[in-house]
Amino acid sequence: MTPLRMTVPSLAAVLIVLDAPAPIVVLCLVAAGLLFMRAQNNERVQMACICLLMTVTTSIHASTHHSAFQGTEAEWVISFTDDIRLGGDRLQAGVVETSTGEPFQLRYRMQTEKEKHALEKELAVGMTCRIKAEASPPAPSRNPGEFNYRQYLATSGTFFVLTADQLKLSQCVHSTSIHHLPGKWRMAAIDQIEAVFPEPLSSTAAALLFGDRTGGSEEVNEDYERLGIVHILSISGLHVTLLTGLLFFVMIRLGVTRERSRVVLLAALPLYCLLAGASPPVIRACLMTGAILFAASHHQQLKASSALSIAFIAMILYNPFSLFQAGFQLSFIVTFALVLSSGIILKRAQSAFELSWFVSILSQIAALPVLLYHFSELSLISPLANLLFVPFYSILMLPLLLILFLFSFVMPVSLPAALANALLIKMNQLAAFLSDLPVAVLVTGQPGMAVLAVVAFIAAGCFVLWENTGRLKYSLAVCGFLLIGLVFLNKYTPYGEVTFLDVGQGDSIFIKLPFNQGTYLIDTGGQVPFEKEAWMARDHSFSVGKDTIVPFLKRKGVTEIDKLILTHADFDHAGAAAEVLESIPAKEIIISPGSGSVEVMAGILETGLPVREGIGGEQWAAGDAFFQFLLPKDRTYEGNNDSLVLYAEIGGQSWLFTGDLEEAGEMELIRTYRLQADWLKVGHHGSKTSSSKAFIDGVSPEFGVISAGVKNRYGHPHKEVVETLEEAGVFIYRTDEHGAVTYTFKGKEGRISTVIPEK
């Protein structure tokens, strides 16, 4: 049976049982049906058996896919796995509960620098500890299309995060079990790399040799992501093949027979898989290599396509939920495309350069649906970047780092490591230059599932077209028209929206008018910076701008904001503005009069983008929408009551965006204007200093949106404010309870949706 006749029906069966999105299921069923019709009778029987096997095993997995705990437990006995990270004052680790073996994520905030040093020194893989900790479900996605951390952890069977009150080494014991040896060796190897290699070489070596990508510069990672080559910093099939081939060559040169060399490699592959972190690409590569070696040891030749199918079926038999991991999807889709194209398309290459070019293009087309869905953008210079960086990392750096690492145990390697580090820094500088090119990245927006199925179908058609015509330019033309179409449809959609983003304790409101008539952002959220001791500072801390606002805008296909309106100069309204503007510029930035001198505005002014002050009475229209600033009337900035207050008529509804306007400002507003609004952005996150009864009765909103952080330190929204709104008959939406709140409209008709379903 051909590999496709094994994998496609298996995939369809698993997706049906796991209630995957209907368009993707339909696409797989159509493909499976076509393969079934073209198959011989005996092959049809085999396909039916595979479907039955996958249906039964996946159903069993689904029925047991839940935690054995209630989440109310207070005391735990846990054992640490190899995923232990100490960054600043935070400890994060993967652990398992000892009686059930169920995995958890552990979080702990260290209190002193002395405690941190003690944990760094003593904490080890396999260590078992008795702790008191609160169990809570992982954070779900809180904004449209956002990365769902809860769903991601669930794919590996993790359903709770443990937040420890204390982590006492006196309540811990070391493990002597052989089961934990690979994890201990991995951590020891990474420690050795950090001790003998300078940065950034140490981070690169840890990633290439042992699959640890927790280190390294955030800026470098972003550059590689924009170039579409971040995969080369992870262990891939190419890396496993190169290392296996190198070890096989060495053993043959040392006089070991081919048969014994294969046996050694078969025994070493599972160990290396564990040492490398056992991510989906690593498991896939090791399973493929192992299957080919096993067949060769029995004097059989196994095709790469068959080995890949074996790896795919084995992995989803073990854990069908891994199908929903981006790493799993990219690894198998790209590898399948390369393997299935090797007999026709790749054979047409006339040189090593042309072969590399073909491989890069094939990989990009194959990964297109996954990249657009998960990242909402596509690197246009990825094929060129692959030509430059893949040989550098795979042919030069990987063997060099392996040799330096092995020799570091017996002799100093500081000089060659310094030379390698200097070369790596030059390549990182080249990556930074290329990633900043205007044509480096195309932001397409995140397509819906139906559109995604069409993209996958067209991508497959591009391979057929290339295969039948032998002309790459035809396939590239089809892909080009596809991308242009996606961008056009996203930009000129007849639908508009108003979204109150969940940025924690802060405000950020996105307005998109139909047919590209206007894209506005009111405030950006942000975090108040606190002074910390040096040991408490984290290298990769959460950022509202980079981690929430920018990804959201890209998912909406936004590459430039028409107006960025910063209601006032508080960190929770304007603190992330500079971060957002680094990635997505604004045609104009409008601030409250006199607020430009406040500290939080410094980064915004440094961008060089046009900044001006708004003032009460200013108005503009865009399409059927109307906007007017109501306050402030003067040009002296005095804080919350000088927030830019915006009235708007959008999508058949009237809107009042009040910033942090307090009661005095509210009274001025209703004295100055005869005002009524269907939607009210409740002032100051629901603080009792705002939203007076007189104001609510005067505006008489139907809906009120309160933007507040989950379990925020201020106790927002205040009980009195909620009661005032409820007594006035206002339907309340809260970002701390509902996540982002979106009003989507076409013409004057619209619908309301929340990311977290209403109770």
# chains A, B, ... in the order shown; residues from 1 in each chain; ligands from 1
>>> residues_around(residues="segment 103-106 of chain A", least_positions_apart="4", cutoff="10 Å", atoms="only C-alpha atoms", output="ChimeraX atom specification")
/A:67,78-81,83-84,91-98,133-135,138,153,156-164
>>> residues_around(residues="segment 575-582 of chain A", least_positions_apart="6", cutoff="6 Å", atoms="only C-alpha atoms", output="list in words")
Thr524, Gly525, Gly526, Gly545, Val550, Gly603 and Ile604 of chain A
>>> residues_around(residues="Gly445 of chain A", least_positions_apart="4", cutoff="6 Å", atoms="only C-alpha atoms", output="PDB file with N, CA and C atoms, in the first residue's frame")
ATOM      1  N   SER A 376      -0.234  34.002  10.725  1.00  0.00           N
ATOM      2  CA  SER A 376      -0.908  35.084   9.985  1.00  0.00           C
ATOM      3  C   SER A 376       0.024  35.881   9.088  1.00  0.00           C
ATOM      4  N   LYS A 554      -1.955  41.460  13.460  1.00  0.00           N
ATOM      5  CA  LYS A 554      -1.526  40.657  12.311  1.00  0.00           C
ATOM      6  C   LYS A 554      -2.590  39.629  11.935  1.00  0.00           C
ATOM      7  N   ARG A 555      -3.254  39.049  12.943  1.00  0.00           N
ATOM      8  CA  ARG A 555      -4.326  38.102  12.633  1.00  0.00           C
ATOM      9  C   ARG A 555      -5.469  38.789  11.890  1.00  0.00           C
ATOM     10  N   LYS A 556      -5.604  40.086  12.087  1.00  0.00           N
ATOM     11  CA  LYS A 556      -6.610  40.852  11.364  1.00  0.00           C
ATOM     12  C   LYS A 556      -6.077  41.378  10.029  1.00  0.00           C
ATOM     13  N   GLY A 557      -4.828  41.077   9.710  1.00  0.00           N
ATOM     14  CA  GLY A 557      -4.248  41.523   8.449  1.00  0.00           C
ATOM     15  C   GLY A 557      -3.832  42.974   8.453  1.00  0.00           C
TER      16      GLY A 557
END
>>> residues_around(residues="Ser408 of chain A", least_positions_apart="6", cutoff="9 Å", atoms="only C-alpha atoms", output="JSON, numbers by chain")
{"A": [192, 193, 196, 414]}
>>> write_last_selection(atoms="N, CA and C atoms", output="PDB file, in the first residue's frame")
ATOM      1  N   GLN A 192      27.030  22.125  30.685  1.00  0.00           N
ATOM      2  CA  GLN A 192      28.394  22.113  30.149  1.00  0.00           C
ATOM      3  C   GLN A 192      28.529  23.106  28.995  1.00  0.00           C
ATOM      4  N   ILE A 193      27.530  23.146  28.129  1.00  0.00           N
ATOM      5  CA  ILE A 193      27.537  24.089  27.006  1.00  0.00           C
ATOM      6  C   ILE A 193      27.571  25.527  27.515  1.00  0.00           C
ATOM      7  N   VAL A 196      31.167  26.445  28.872  1.00  0.00           N
ATOM      8  CA  VAL A 196      32.362  26.532  28.018  1.00  0.00           C
ATOM      9  C   VAL A 196      32.161  27.359  26.754  1.00  0.00           C
ATOM     10  N   SER A 414      38.180  27.188  24.160  1.00  0.00           N
ATOM     11  CA  SER A 414      37.795  28.603  24.174  1.00  0.00           C
ATOM     12  C   SER A 414      38.135  29.321  22.878  1.00  0.00           C
TER      13      SER A 414
END
>>> atom_distance(atom1="atom CA of Glu497 of chain A", atom2="atom CA of Ser654 of chain A")
13.2 Å
>>> residues_around(residues="segment 448-460 of chain A", least_positions_apart="3", cutoff="7 Å", atoms="only C-alpha atoms", output="ChimeraX atom specification")
/A:21,23-24,27,365-366,369,463-464
>>> write_last_selection(atoms="N, CA, C and O atoms", output="compact mmCIF listing (two decimals), in the first residue's frame")
# COMPACT_ATOMS: atom_id res chain seq x y z
N PRO A 21 -12.37 20.94 12.95
CA PRO A 21 -13.22 21.83 12.14
C PRO A 21 -13.71 21.15 10.87
O PRO A 21 -12.94 20.47 10.17
N PRO A 23 -14.51 22.04 7.71
CA PRO A 23 -13.87 22.17 6.39
C PRO A 23 -12.62 21.30 6.24
O PRO A 23 -12.37 20.75 5.16
N ILE A 24 -11.83 21.19 7.31
CA ILE A 24 -10.62 20.38 7.24
C ILE A 24 -10.97 18.89 7.16
O ILE A 24 -10.36 18.12 6.41
N LEU A 27 -12.15 18.14 3.63
CA LEU A 27 -11.02 18.07 2.71
C LEU A 27 -10.32 16.71 2.81
O LEU A 27 -10.00 16.09 1.79
N ILE A 365 5.65 26.19 0.10
CA ILE A 365 4.30 25.95 -0.43
C ILE A 365 3.57 24.94 0.45
O ILE A 365 2.39 25.11 0.78
N ALA A 366 4.26 23.88 0.86
CA ALA A 366 3.63 22.85 1.68
C ALA A 366 3.20 23.40 3.03
O ALA A 366 2.12 23.05 3.55
N PRO A 369 -0.56 26.58 4.46
CA PRO A 369 -1.78 26.62 5.29
C PRO A 369 -1.46 26.73 6.78
O PRO A 369 -2.13 27.47 7.50
N PHE A 463 1.64 21.72 -6.45
CA PHE A 463 2.57 20.61 -6.62
C PHE A 463 2.25 19.82 -7.90
O PHE A 463 3.15 19.44 -8.66
N VAL A 464 0.96 19.56 -8.11
CA VAL A 464 0.54 18.82 -9.30
C VAL A 464 0.91 19.61 -10.56
O VAL A 464 1.42 19.05 -11.55
>>> closest_residue(among="A:Ile395, A:Leu482, A:Val410, A:Ala139", to="Cys462 of chain A", atoms="only C-alpha atoms")
A:Leu482
>>> residues_around(residues="segment 212-216 of chain A", least_positions_apart="3", cutoff="9 Å", atoms="only C-alpha atoms", output="ChimeraX atom specification")
/A:85,190,199-209,219-221,233-234,276-277,539
